[in-house]
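Trainee: So here's my_file-v1.txt, just compact mmCIF, C-alpha atoms and all ligand atoms:
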# COMPACT_ATOMS: atom_id res chain seq x y z
CA MET N 19 0.00 0.00 0.00
CA LYS N 20 1.29 3.46 -0.97
CA THR N 21 1.33 5.53 2.21
CA ASN N 22 2.89 8.81 1.00
CA LEU N 23 0.32 10.61 -1.08
CA SER N 24 0.88 13.96 -2.80
CA TYR N 25 -1.85 16.32 -3.93
CA ASP N 26 -2.29 19.91 -5.12
CA LEU N 27 -4.69 20.49 -2.27
CA LEU N 28 -5.76 18.64 0.86
CA ILE N 29 -9.14 19.23 2.47
CA ILE N 30 -9.66 18.03 6.03
CA GLY N 31 -13.30 17.18 6.73
CA GLY N 32 -16.25 16.28 4.52
CA GLY N 33 -19.07 18.36 6.00
CA LEU N 34 -21.14 20.86 4.05
CA SER N 35 -18.54 23.63 4.23
CA ALA N 36 -15.82 21.36 2.81
CA CYS N 37 -18.14 20.16 0.04
CA VAL N 38 -19.23 23.68 -0.93
CA PHE N 39 -15.60 24.81 -0.92
CA ALA N 40 -14.39 21.81 -2.97
CA SER N 41 -17.16 22.23 -5.49
CA ARG N 42 -16.48 25.93 -6.03
CA TYR N 43 -12.76 25.37 -6.11
CA LEU N 44 -13.07 22.69 -8.80
CA GLN N 45 -15.14 25.01 -10.91
CA ASN N 46 -12.16 27.34 -11.28
CA ASN N 47 -9.27 24.87 -10.98
CA ILE N 48 -10.17 21.90 -13.11
CA THR N 49 -6.61 20.66 -13.41
CA LYS N 50 -5.90 20.33 -9.69
CA LYS N 51 -5.83 17.01 -7.87
CA ILE N 52 -7.47 17.09 -4.48
CA ALA N 53 -7.74 14.72 -1.52
CA LEU N 54 -10.69 15.06 0.84
CA ILE N 55 -10.03 13.34 4.14
CA GLU N 56 -12.94 12.55 6.44
CA VAL N 57 -13.06 10.53 9.63
CA GLY N 58 -16.69 9.55 9.10
CA ARG N 59 -18.07 6.91 6.76
CA GLY N 60 -19.34 9.44 4.22
CA LEU N 61 -19.98 13.10 3.48
CA GLY N 62 -22.19 15.47 5.43
CA GLY N 63 -20.57 15.82 8.86
CA ARG N 64 -23.04 17.37 11.27
CA SER N 65 -25.65 17.53 8.56
CA SER N 66 -25.56 13.89 7.61
CA THR N 67 -27.86 10.91 7.48
CA ARG N 68 -27.81 7.65 9.39
CA ILE N 69 -27.99 4.68 7.03
CA SER N 70 -28.57 1.90 9.49
CA LYS N 71 -27.41 -1.65 8.89
CA ARG N 72 -29.95 -2.86 11.47
CA PHE N 73 -32.92 -0.91 10.13
CA LYS N 74 -32.73 -1.47 6.39
CA GLY N 75 -34.20 1.12 4.03
CA TRP N 76 -34.31 3.92 6.59
CA LYS N 77 -32.53 7.24 6.10
CA LEU N 78 -32.78 9.46 9.14
CA ASN N 79 -31.09 12.85 9.20
CA HIS N 80 -29.55 12.68 12.63
CA GLY N 81 -27.86 16.10 12.62
CA ALA N 82 -29.41 19.16 11.01
CA PRO N 83 -32.63 18.01 9.33
CA ASN N 84 -33.05 21.18 7.27
CA PHE N 85 -31.55 24.66 7.24
CA ASN N 86 -32.53 28.28 7.30
CA ILE N 87 -30.97 31.26 5.59
CA SER N 88 -31.54 34.66 7.15
CA ASN N 89 -29.14 36.66 4.95
CA ASN N 90 -30.44 39.88 6.44
CA LYS N 91 -27.70 41.84 4.68
CA ASP N 92 -28.76 40.39 1.33
CA ASN N 93 -25.27 39.14 0.61
CA LEU N 94 -25.21 38.30 -3.10
CA LEU N 95 -22.55 35.62 -2.85
CA LEU N 96 -24.75 33.62 -0.49
CA LYS N 97 -28.01 34.47 -2.25
CA ASN N 98 -26.70 33.41 -5.67
CA TYR N 99 -25.36 30.16 -4.28
CA ILE N 100 -28.66 29.24 -2.66
CA ASP N 101 -30.39 30.12 -5.94
CA GLN N 102 -27.99 27.79 -7.74
CA LEU N 103 -28.87 24.94 -5.34
CA LEU N 104 -32.55 25.65 -6.00
CA VAL N 105 -32.12 25.75 -9.79
CA ASN N 106 -30.18 22.49 -9.70
CA ARG N 107 -33.04 20.98 -7.70
CA PHE N 108 -30.77 19.98 -4.82
CA ILE N 109 -32.91 21.86 -2.33
CA ARG N 110 -36.39 23.31 -2.15
CA ILE N 111 -38.30 25.65 0.12
CA ASP N 112 -39.26 23.82 3.27
CA ASP N 113 -43.01 24.19 3.65
CA SER N 114 -43.28 21.51 6.34
CA GLU N 115 -45.31 22.26 9.40
CA LEU N 116 -43.55 23.81 12.37
CA ILE N 117 -45.29 23.44 15.67
CA PHE N 118 -44.27 25.19 18.82
CA LEU N 119 -45.18 23.31 21.96
CA GLY N 120 -45.87 25.66 24.85
CA ASP N 121 -46.64 25.03 28.53
CA ASP N 122 -50.16 23.92 28.01
CA THR N 123 -49.09 21.81 24.99
CA LYS N 124 -51.42 23.98 22.92
CA LEU N 125 -50.41 24.17 19.27
CA GLU N 126 -48.89 27.43 18.16
CA THR N 127 -46.91 28.35 15.05
CA ILE N 128 -43.27 29.21 15.64
CA LYS N 129 -42.52 32.86 15.12
CA LYS N 130 -38.81 33.20 15.71
CA SER N 131 -36.03 30.86 16.69
CA GLU N 132 -32.39 30.25 15.80
CA PHE N 133 -33.23 27.45 13.37
CA TYR N 134 -36.42 28.89 11.98
CA CYS N 135 -35.76 32.53 11.07
CA GLY N 136 -35.42 33.59 7.44
CA ASP N 137 -36.13 31.15 4.60
CA ARG N 138 -36.15 27.46 5.36
CA TYR N 139 -34.87 24.83 2.94
CA ILE N 140 -34.78 21.06 2.75
CA SER N 141 -32.68 18.78 0.63
CA LEU N 142 -34.51 16.96 -2.15
CA PHE N 143 -32.47 13.95 -1.05
CA SER N 144 -31.11 13.02 2.34
CA MET N 145 -28.80 15.56 4.00
CA SER N 146 -25.71 13.40 3.31
CA GLU N 147 -26.70 13.16 -0.33
CA LEU N 148 -26.94 16.95 -0.50
CA SER N 149 -23.21 17.23 0.30
CA GLN N 150 -22.50 14.55 -2.29
CA LYS N 151 -24.57 16.30 -4.99
CA ILE N 152 -22.81 19.59 -4.27
CA ILE N 153 -19.39 18.03 -4.90
CA GLU N 154 -20.55 16.00 -7.91
CA LEU N 155 -21.79 19.18 -9.58
CA ASN N 156 -18.22 20.15 -10.42
CA ASN N 157 -16.26 16.94 -9.95
CA PHE N 158 -16.97 15.72 -13.45
CA GLN N 159 -13.34 14.84 -14.07
CA ASP N 160 -13.00 12.84 -10.86
CA LYS N 161 -10.40 15.22 -9.53
CA ILE N 162 -11.07 14.36 -5.90
CA ASP N 163 -9.84 11.28 -4.11
CA PHE N 164 -12.00 10.61 -1.06
CA PHE N 165 -10.46 9.07 2.05
CA PHE N 166 -13.21 8.07 4.48
CA GLU N 167 -12.82 6.65 7.98
CA THR N 168 -9.46 8.43 7.97
CA LEU N 169 -8.64 10.63 10.91
CA ILE N 170 -5.91 13.26 10.68
CA PHE N 171 -4.18 13.65 14.03
CA ASP N 172 -0.92 15.39 13.19
CA LEU N 173 0.01 18.38 11.04
CA LYS N 174 3.52 19.39 9.98
CA PHE N 175 4.72 22.32 7.91
CA LYS N 176 8.28 21.98 6.68
CA ASN N 177 10.09 23.40 3.64
CA ASP N 178 6.90 25.06 2.45
CA GLU N 179 5.04 21.77 2.46
CA TRP N 180 2.33 20.33 4.67
CA THR N 181 2.34 16.73 5.83
CA LEU N 182 -0.80 15.37 7.42
CA THR N 183 -0.61 12.09 9.29
CA SER N 184 -3.67 9.89 9.57
CA THR N 185 -4.66 6.97 11.76
CA LYS N 186 -4.59 4.66 8.75
CA GLY N 187 -0.87 5.26 8.32
CA TYR N 188 -1.22 7.55 5.31
CA LYS N 189 0.94 10.64 5.04
CA PHE N 190 -0.74 13.24 2.87
CA LYS N 191 1.50 15.90 1.36
CA SER N 192 0.62 19.18 -0.26
CA LYS N 193 1.68 22.80 -0.46
CA PHE N 194 -1.81 23.91 0.46
CA ILE N 195 -4.42 22.72 2.90
CA ILE N 196 -7.98 23.60 3.86
CA CYS N 197 -9.22 22.79 7.33
CA SER N 198 -13.02 22.68 7.52
CA THR N 199 -13.09 21.44 11.10
CA ASN N 200 -11.58 23.24 14.06
CA LEU N 201 -10.89 20.06 16.00
CA LEU N 202 -7.18 20.21 15.16
CA LEU N 203 -7.07 23.86 16.20
CA HIS N 204 -8.94 23.70 19.47
CA LYS N 205 -7.97 22.66 22.99
CA ARG N 206 -10.59 19.87 22.94
CA SER N 207 -8.15 18.01 20.64
CA LEU N 208 -5.76 17.57 23.59
CA LYS N 209 -8.13 15.25 25.42
CA ILE N 210 -9.51 13.56 22.31
CA PHE N 211 -6.08 12.70 20.88
CA ASN N 212 -4.27 12.52 24.21
CA LEU N 213 -1.81 15.23 23.16
CA ASN N 214 0.00 17.95 25.03
CA GLN N 215 -0.11 20.50 22.23
CA ILE N 216 -2.87 21.54 19.82
CA PRO N 217 -1.89 20.07 16.40
CA LEU N 218 -1.97 23.41 14.51
CA ARG N 219 0.04 25.12 17.29
CA LYS N 220 2.61 22.35 17.08
CA ALA N 221 2.87 22.84 13.29
CA ILE N 222 3.08 26.64 13.51
CA PRO N 223 4.82 27.85 16.69
CA LYS N 224 3.76 31.09 18.38
CA ASN N 225 4.87 34.42 16.88
CA GLN N 226 5.42 33.01 13.38
CA ASP N 227 2.13 34.29 11.96
CA LYS N 228 -0.04 36.91 13.63
CA LYS N 229 -3.19 35.61 11.93
CA ILE N 230 -2.70 32.06 13.15
CA ASP N 231 -1.97 33.30 16.69
CA LEU N 232 -5.17 35.36 16.66
CA LEU N 233 -7.21 32.51 15.21
CA LEU N 234 -6.04 30.20 17.99
CA ASP N 235 -6.75 32.89 20.61
CA TYR N 236 -10.33 33.29 19.39
CA LEU N 237 -10.83 29.54 19.30
CA ASP N 238 -9.53 29.26 22.82
CA ARG N 239 -12.66 31.19 23.83
CA GLN N 240 -15.04 29.08 21.75
CA SER N 241 -17.03 26.33 23.39
CA PHE N 242 -19.43 23.72 22.03
CA ILE N 243 -22.95 22.51 22.68
CA PRO N 244 -23.18 18.76 23.20
CA ARG N 245 -26.35 17.07 21.95
CA LEU N 246 -27.91 13.66 21.74
CA THR N 247 -30.24 12.62 18.96
CA PHE N 248 -32.49 9.61 19.46
CA LEU N 249 -33.49 7.97 16.20
CA ILE N 250 -36.78 6.13 16.45
CA TYR N 251 -37.61 3.55 13.78
CA THR N 252 -41.33 3.23 14.34
CA ASN N 253 -43.26 0.02 13.92
CA GLU N 254 -45.04 -0.97 10.71
CA ASN N 255 -48.35 0.81 11.25
CA TYR N 256 -47.28 3.88 13.16
CA SER N 257 -48.71 7.06 11.65
CA TYR N 258 -49.96 10.54 12.53
CA ARG N 259 -53.44 10.94 13.96
CA ASP N 260 -54.38 13.32 11.17
CA PHE N 261 -53.71 13.11 7.45
CA TYR N 262 -50.33 14.74 6.77
CA SER N 263 -48.20 13.76 3.80
CA LYS N 264 -45.31 16.23 3.78
CA LYS N 265 -41.80 14.94 4.33
CA TYR N 266 -41.14 16.61 7.68
CA ARG N 267 -43.03 17.87 10.65
CA TYR N 268 -41.18 19.72 13.40
CA PHE N 269 -42.21 20.12 17.01
CA HIS N 270 -40.17 22.63 18.94
CA LEU N 271 -40.44 22.76 22.72
CA LYS N 272 -40.65 25.96 24.70
CA LYS N 273 -37.95 26.24 27.40
CA SER N 274 -40.21 25.27 30.33
CA LEU N 275 -41.40 22.20 28.44
CA GLU N 276 -37.84 21.37 27.39
CA ASP N 277 -36.80 21.44 31.06
CA LYS N 278 -39.65 19.14 31.95
CA TYR N 279 -39.35 16.56 29.17
CA LYS N 280 -35.64 17.08 28.30
CA PHE N 281 -36.41 17.26 24.59
CA GLU N 282 -35.46 20.26 22.52
CA ARG N 283 -37.29 19.33 19.32
CA VAL N 284 -38.94 16.31 17.80
CA VAL N 285 -38.58 15.92 14.05
CA PHE N 286 -40.82 13.52 12.15
CA GLN N 287 -39.24 12.31 8.92
CA LEU N 288 -41.38 10.44 6.40
CA GLN N 289 -39.32 7.72 4.73
CA ASP N 290 -39.35 6.55 1.09
CA ASN N 291 -40.78 3.27 2.39
CA LYS N 292 -43.69 5.36 3.84
CA LYS N 293 -42.69 4.57 7.41
CA LEU N 294 -42.47 7.43 9.85
CA GLY N 295 -39.11 8.09 11.48
CA ILE N 296 -38.78 10.29 14.53
CA VAL N 297 -35.62 12.08 15.61
CA VAL N 298 -35.61 13.53 19.10
CA HIS N 299 -32.98 16.20 19.82
CA THR N 300 -31.80 17.01 23.34
CA LYS N 301 -29.16 19.37 24.67
CA ASN N 302 -30.13 19.10 28.32
CA LEU N 303 -26.80 18.44 30.08
CA ASP N 304 -28.21 16.45 33.01
CA PHE N 305 -30.10 14.26 30.60
CA ILE N 306 -27.01 13.74 28.42
CA ASN N 307 -24.96 12.83 31.48
CA SER N 308 -27.62 10.45 32.73
CA TYR N 309 -27.47 8.75 29.32
CA ILE N 310 -23.68 8.54 29.44
CA ASN N 311 -23.77 7.08 32.95
CA ALA N 312 -26.71 4.76 32.30
CA LYS N 313 -25.82 1.15 33.03
CA ASP N 314 -28.69 -0.21 30.99
CA GLU N 315 -29.25 1.46 27.62
CA ASP N 316 -32.57 -0.33 27.06
CA LEU N 317 -33.89 1.09 30.31
CA PHE N 318 -32.78 4.55 29.25
CA ASN N 319 -34.52 4.13 25.90
CA GLN N 320 -37.75 3.38 27.76
CA LYS N 321 -37.38 6.82 29.32
CA ILE N 322 -37.40 8.33 25.83
CA PHE N 323 -40.64 6.54 24.95
CA THR N 324 -42.20 7.50 28.31
CA ASN N 325 -41.26 11.18 27.94
CA PHE N 326 -42.45 11.18 24.33
CA ASN N 327 -45.80 9.68 25.27
CA LYS N 328 -46.27 12.11 28.15
CA LEU N 329 -45.35 15.06 25.95
CA PHE N 330 -47.82 14.11 23.24
CA GLU N 331 -50.55 12.79 25.53
CA GLY N 332 -53.86 14.08 24.18
CA ASN N 333 -52.14 15.69 21.19
CA SER N 334 -54.42 15.78 18.17
CA LEU N 335 -51.64 15.06 15.67
CA VAL N 336 -49.26 12.57 17.25
CA ASN N 337 -49.96 9.00 18.26
CA GLN N 338 -48.37 7.33 21.26
CA LEU N 339 -45.35 5.07 20.78
CA SER N 340 -45.57 1.42 21.76
CA CYS N 341 -42.26 1.34 23.70
CA ASN N 342 -40.87 -1.46 21.57
CA GLU N 343 -40.02 0.62 18.51
CA GLY N 344 -36.42 0.47 17.27
CA ILE N 345 -34.13 3.13 18.57
CA SER N 346 -30.54 4.20 18.02
CA ILE N 347 -28.57 7.09 19.42
CA MET N 348 -26.16 9.63 18.03
CA LYS N 349 -23.89 11.39 20.48
CA TRP N 350 -22.66 14.83 19.38
CA ARG N 351 -19.78 15.96 21.54
CA ALA N 352 -19.71 19.30 19.70
CA SER N 353 -22.98 19.76 17.85
CA GLN N 354 -22.60 23.53 17.46
CA PRO N 355 -19.94 26.06 18.39
CA SER N 356 -20.99 28.60 20.96
CA GLY N 357 -19.68 31.79 22.53
CA CYS N 358 -16.83 33.41 20.67
CA SER N 359 -16.91 33.27 16.86
CA VAL N 360 -13.79 33.70 14.71
CA PRO N 361 -13.45 36.77 12.44
CA LEU N 362 -13.63 35.95 8.73
CA SER N 363 -10.47 38.03 8.23
CA LEU N 364 -8.53 35.15 9.83
CA GLN N 365 -9.71 32.57 7.30
CA PHE N 366 -6.56 32.40 5.32
CA SER N 367 -2.82 32.48 6.01
CA LYS N 368 -0.81 33.33 2.94
CA LYS N 369 2.45 32.56 4.68
CA TYR N 370 1.43 29.05 5.67
CA ARG N 371 -0.84 28.29 2.70
CA ILE N 372 -3.69 27.22 4.92
CA GLY N 373 -7.37 28.16 4.71
CA PHE N 374 -10.24 27.56 7.12
CA CYS N 375 -14.00 27.31 6.74
CA GLY N 376 -16.93 26.07 8.79
CA ASP N 377 -19.80 27.26 10.95
CA TRP N 378 -17.35 28.49 13.60
CA PHE N 379 -16.77 31.79 11.80
CA GLU N 380 -18.52 35.06 12.62
CA GLY N 381 -21.75 36.23 10.99
CA GLU N 382 -25.46 35.75 11.30
CA GLY N 383 -25.06 32.13 10.21
CA PHE N 384 -22.65 31.35 13.07
CA ALA N 385 -23.16 27.80 14.39
CA ARG N 386 -25.54 26.94 11.57
CA ILE N 387 -25.46 25.65 8.02
CA GLU N 388 -25.85 29.20 6.76
CA GLY N 389 -22.51 30.09 8.32
CA SER N 390 -20.78 26.96 7.09
CA ILE N 391 -21.87 27.59 3.48
CA PHE N 392 -21.04 31.29 3.63
CA SER N 393 -17.57 30.75 5.07
CA ALA N 394 -16.78 28.23 2.31
CA LEU N 395 -17.88 30.67 -0.41
CA LYS N 396 -15.86 33.45 1.20
CA LEU N 397 -12.76 31.30 1.46
CA GLU N 398 -12.93 30.28 -2.16
CA GLU N 399 -13.26 33.92 -3.13
CA LYS N 400 -10.20 34.84 -1.07
CA LEU N 401 -8.17 32.09 -2.69
CA LYS N 402 -9.06 33.44 -6.10
CA ILE N 403 -7.57 36.77 -5.05
CA HIS N 404 -4.41 34.98 -3.95
CA SER N 405 -4.35 32.80 -7.05
CA ASN N 406 -0.78 33.89 -7.76
CA ILE N 407 0.36 31.77 -4.79
CA PHE N 408 -2.00 29.07 -5.75
CA LEU N 409 -1.12 28.82 -9.39
CA SER N 410 2.55 28.57 -8.52
CA ILE N 411 1.96 25.29 -6.68
C1 LIG X 501 -28.04 17.51 16.12
C2 LIG X 501 -27.75 18.73 15.31
C3 LIG X 501 -28.79 19.53 14.85
C4 LIG X 501 -28.53 20.67 14.11
N1 LIG X 501 -29.57 21.40 13.63
C5 LIG X 501 -29.33 22.43 12.79
C6 LIG X 501 -30.40 23.10 12.13
O1 LIG X 501 -31.58 22.80 12.33
N2 LIG X 501 -30.09 24.14 11.30
C7 LIG X 501 -28.79 24.51 11.04
O2 LIG X 501 -28.57 25.44 10.26
N3 LIG X 501 -27.77 23.88 11.66
C8 LIG X 501 -28.00 22.86 12.50
N4 LIG X 501 -26.96 22.19 13.08
C9 LIG X 501 -25.58 22.67 12.84
C10 LIG X 501 -25.11 22.25 11.44
O3 LIG X 501 -25.24 20.85 11.34
C11 LIG X 501 -23.68 22.69 11.26
O4 LIG X 501 -23.60 24.09 11.41
C12 LIG X 501 -23.09 22.34 9.89
O5 LIG X 501 -23.45 21.04 9.49
C13 LIG X 501 -21.58 22.47 9.98
O6 LIG X 501 -20.97 22.09 8.79
P1 LIG X 501 -19.39 22.21 8.68
O7 LIG X 501 -18.97 21.72 7.35
O8 LIG X 501 -18.99 23.59 9.08
O9 LIG X 501 -18.82 21.26 9.83
P2 LIG X 501 -18.92 19.67 9.98
O10 LIG X 501 -20.19 19.19 9.42
O11 LIG X 501 -18.64 19.38 11.41
O12 LIG X 501 -17.74 19.13 9.06
C14 LIG X 501 -16.44 18.88 9.55
C15 LIG X 501 -16.06 17.46 9.17
O13 LIG X 501 -14.72 17.23 9.54
C16 LIG X 501 -14.58 15.90 10.01
N5 LIG X 501 -13.36 15.87 10.84
C17 LIG X 501 -13.18 16.53 12.02
N6 LIG X 501 -11.91 16.34 12.46
C18 LIG X 501 -11.32 15.55 11.54
C19 LIG X 501 -10.00 15.00 11.45
N7 LIG X 501 -9.07 15.27 12.38
N8 LIG X 501 -9.70 14.19 10.40
C20 LIG X 501 -10.65 13.94 9.45
N9 LIG X 501 -11.90 14.44 9.49
C21 LIG X 501 -12.22 15.24 10.52
C22 LIG X 501 -15.86 15.66 10.77
O14 LIG X 501 -16.14 14.29 10.89
C23 LIG X 501 -16.88 16.43 9.93
O15 LIG X 501 -17.50 15.57 8.98
C24 LIG X 501 -27.19 21.04 13.81
C25 LIG X 501 -26.14 20.24 14.27
C26 LIG X 501 -26.41 19.08 14.99
C27 LIG X 501 -25.28 18.19 15.40
What do you get writing this file as structure tokens?
Ligand SMILES: Cc1cc2nc3c(=O)[nH]c(=O)nc-3n(C[C@H](O)[C@H](O)[C@H](O)COP(=O)(O)OP(=O)(O)OC[C@H]3O[C@@H](n4cnc5c(N)ncnc54)[C@H](O)[C@@H]3O)c2cc1C
Mentor:
Amino acid sequence: MKTNLSYDLLIIGGGLSACVFASRYLQNNITKKIALIEVGRGLGGRSSTRISKRFKGWKLNHGAPNFNISNNKDNLLLKNYIDQLLVNRFIRIDDSELIFLGDDTKLETIKKSEFYCGDRYISLFSMSELSQKIIELNNFQDKIDFFFETLIFDLKFKNDEWTLTSTKGYKFKSKFIICSTNLLLHKRSLKIFNLNQIPLRKAIPKNQDKKIDLLLDYLDRQSFIPRLTFLIYTNENYSYRDFYSKKYRYFHLKKSLEDKYKFERVVFQLQDNKKLGIVVHTKNLDFINSYINAKDEDLFNQKIFTNFNKLFEGNSLVNQLSCNEGISIMKWRASQPSGCSVPLSLQFSKKYRIGFCGDWFEGEGFARIEGSIFSALKLEEKLKIHSNIFLSI
């Protein structure tokens, strides 16, 4: 097996921001050879889809189920890109029902919330397939080699060249890299990889590049929201109480109700096989910890069914669950960044030939898909301006 692999460009991560960046980059650089390295089994990252081996035929979006674009400043770069996704029929306006559950469990329409302001969109496919379609749009010459289930844990910059080391023993080499995740830049990497220095800091020592120093300072002040998503594969005949045929239906819990039932939102996802999947999101820390410390997972799952049934007791739309439906869990250690966002001016270091994108950058889309798409578009634009460095590679 060849373990030293050289490319024109290396992209770490395969979430939406990486896919948008790669797609745009390919549009203008059709001769470049790229490697996209992703620790997961496929594309999509935090907006991906669980394809279960146990529950065949189901596709449940276990991260972001949809996305919203506020674009209050009417940024044309973002607007045109969303229009392009619409024209290509990758996404469409999300006209699914949004229901806000208040104290008295009365039905109310959501007026404003982080995930529901602006225009809402859904993928015409699963969320993972959306990332795939975005890349395929411009990868018609197969210029990208995909490395899945490949975790980068070490970065080196020597003689103007980057070397990335992965758990599979590969060493990826390139003069230019894009980092779409901030895991290798953030102090949480120390515990995860059992290191004593943040990988990017190790590669670029302090005082070598003001931008990198600032970027790491900002990130030092960024924290993350953990989440759990419970994926419920309902039994054969489970359905709504009313007639509703749209793909999604969202129930969002008001804070007091969230505290009581520990659920943040409940997303119904109609499957191609006509079965009804349910994804329950929670960010309640006590609840997450009680899951982590639970000795018996089955017993914990019963708690999900019990809370669900109590929450929807007497609800005119939702039927009770039977407590023996299939369930699987997705644990998100860092579902969304929170607190300090990173200025977009720090997205690119000319000296070190490294660019960054993702939802961790500043702007109204911070911590959401809107931000991850926008940062990728911005980065690609910046690289075009610096194409003299790029073209010399
Ligand atoms: C449960 C949940 C619900 C959400 N709901 C919404 C919503 O309703 N609306 C909304 O707008 N946003 C929502 N979000 C946030 C949204 O999913 C993210 O903002 C967006 O997907 C981020 O995309 P990204 O490309 O910036 O990052 P990511 O998707 O995180 O992509 C980074 C990729 O890098 C990979 N990676 C990391 N480190 C390494 C490494 N060392 N080596 C190799 N690969 C690596 C990761 O596996 C990941 O695939 C939600 C997130 C979660 C988890």
Trainee: Considering only C-alpha atoms and all ligand atoms, can you say which of N:Thr181, N:Asn106, N:Asn84, N:Asn337 comes closest to ligand LIG 501 (chain X)?
Mentor: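 Looking at the shortest contact to ligand LIG 501 (chain X), the residue is N:Asn84.
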Trainee: With 3 Å added on each side, what axis-aligned box encloses every listed atom of ligand LIG 501 (chain X)? Give the centre and edge lengths in Å to one decimal, as AutoDock Vina command-line options.
Mentor:
--center_x -20.3 --center_y 19.7 --center_z 11.7 --size_x 28.5 --size_y 17.5 --size_z 14.8
Trainee: Choose the residue, out of N:Asp377, N:Glu398, N:Asp316, N:Glu276, that has the smallest atom-to-atom separation from ligand LIG 501 (chain X); count all atoms listed in the file.
Mentor: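 The closest residue to ligand LIG 501 (chain X) is N:Asp377.
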Trainee: Using all atoms listed in the file, which of the listed residues (N:Leu104, N:Tyr370, N:His270, N:Met145) sits closest to Pro223 of chain N?
Mentor: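 Ranking N:Leu104, N:Tyr370, N:His270, N:Met145 by distance to Pro223 of chain N, first place goes to N:Tyr370.
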Trainee: Using all atoms listed in the file, find each protein or nucleic acid residue lying at most 6 Å from ligand LIG 501 (chain X); present the set as a PyMOL selection string.
Mentor: chain N and resi 30-36+55-58+62-65+81-86+133+168-171+198-199+201-202+350+353-354+376-377+385-388+390
Trainee: Could you model N, CA and C atoms for segment 265-281 of chain N and present them as a PDB file, keeping the file's coordinate frame?
Mentor:
ATOM      1  N   LYS N 265     -42.958  15.741   3.915  1.00  0.00           N
ATOM      2  CA  LYS N 265     -41.800  14.940   4.330  1.00  0.00           C
ATOM      3  C   LYS N 265     -41.443  15.121   5.817  1.00  0.00           C
ATOM      4  N   TYR N 266     -41.544  16.349   6.288  1.00  0.00           N
ATOM      5  CA  TYR N 266     -41.140  16.610   7.680  1.00  0.00           C
ATOM      6  C   TYR N 266     -42.272  17.251   8.470  1.00  0.00           C
ATOM      7  N   ARG N 267     -42.178  17.107   9.750  1.00  0.00           N
ATOM      8  CA  ARG N 267     -43.030  17.870  10.650  1.00  0.00           C
ATOM      9  C   ARG N 267     -42.183  18.106  11.906  1.00  0.00           C
ATOM     10  N   TYR N 268     -42.067  19.380  12.284  1.00  0.00           N
ATOM     11  CA  TYR N 268     -41.180  19.720  13.400  1.00  0.00           C
ATOM     12  C   TYR N 268     -41.981  20.176  14.612  1.00  0.00           C
ATOM     13  N   PHE N 269     -41.636  19.635  15.756  1.00  0.00           N
ATOM     14  CA  PHE N 269     -42.210  20.120  17.010  1.00  0.00           C
ATOM     15  C   PHE N 269     -41.071  20.703  17.829  1.00  0.00           C
ATOM     16  N   HIS N 270     -41.220  21.958  18.176  1.00  0.00           N
ATOM     17  CA  HIS N 270     -40.170  22.630  18.940  1.00  0.00           C
ATOM     18  C   HIS N 270     -40.697  22.932  20.332  1.00  0.00           C
ATOM     19  N   LEU N 271     -39.936  22.591  21.355  1.00  0.00           N
ATOM     20  CA  LEU N 271     -40.440  22.760  22.720  1.00  0.00           C
ATOM     21  C   LEU N 271     -40.014  24.086  23.327  1.00  0.00           C
ATOM     22  N   LYS N 272     -40.954  24.739  23.957  1.00  0.00           N
ATOM     23  CA  LYS N 272     -40.650  25.960  24.700  1.00  0.00           C
ATOM     24  C   LYS N 272     -39.762  25.569  25.884  1.00  0.00           C
ATOM     25  N   LYS N 273     -38.957  26.531  26.382  1.00  0.00           N
ATOM     26  CA  LYS N 273     -37.950  26.240  27.400  1.00  0.00           C
ATOM     27  C   LYS N 273     -38.522  25.467  28.605  1.00  0.00           C
ATOM     28  N   SER N 274     -39.664  25.919  29.125  1.00  0.00           N
ATOM     29  CA  SER N 274     -40.210  25.270  30.330  1.00  0.00           C
ATOM     30  C   SER N 274     -40.556  23.807  30.035  1.00  0.00           C
ATOM     31  N   LEU N 275     -41.033  23.572  28.823  1.00  0.00           N
ATOM     32  CA  LEU N 275     -41.400  22.200  28.440  1.00  0.00           C
ATOM     33  C   LEU N 275     -40.130  21.370  28.183  1.00  0.00           C
ATOM     34  N   GLU N 276     -39.125  22.042  27.634  1.00  0.00           N
ATOM     35  CA  GLU N 276     -37.840  21.370  27.390  1.00  0.00           C
ATOM     36  C   GLU N 276     -37.238  20.918  28.724  1.00  0.00           C
ATOM     37  N   ASP N 277     -37.333  21.796  29.736  1.00  0.00           N
ATOM     38  CA  ASP N 277     -36.800  21.440  31.060  1.00  0.00           C
ATOM     39  C   ASP N 277     -37.550  20.242  31.639  1.00  0.00           C
ATOM     40  N   LYS N 278     -38.839  20.200  31.372  1.00  0.00           N
ATOM     41  CA  LYS N 278     -39.650  19.140  31.950  1.00  0.00           C
ATOM     42  C   LYS N 278     -39.434  17.784  31.243  1.00  0.00           C
ATOM     43  N   TYR N 279     -39.428  17.818  29.917  1.00  0.00           N
ATOM     44  CA  TYR N 279     -39.350  16.560  29.170  1.00  0.00           C
ATOM     45  C   TYR N 279     -37.952  16.250  28.645  1.00  0.00           C
ATOM     46  N   LYS N 280     -37.049  17.218  28.726  1.00  0.00           N
ATOM     47  CA  LYS N 280     -35.640  17.080  28.300  1.00  0.00           C
ATOM     48  C   LYS N 280     -35.464  17.063  26.787  1.00  0.00           C
ATOM     49  N   PHE N 281     -36.541  17.217  26.049  1.00  0.00           N
ATOM     50  CA  PHE N 281     -36.410  17.260  24.590  1.00  0.00           C
ATOM     51  C   PHE N 281     -36.364  18.709  24.130  1.00  0.00           C
TER      52      PHE N 281
END
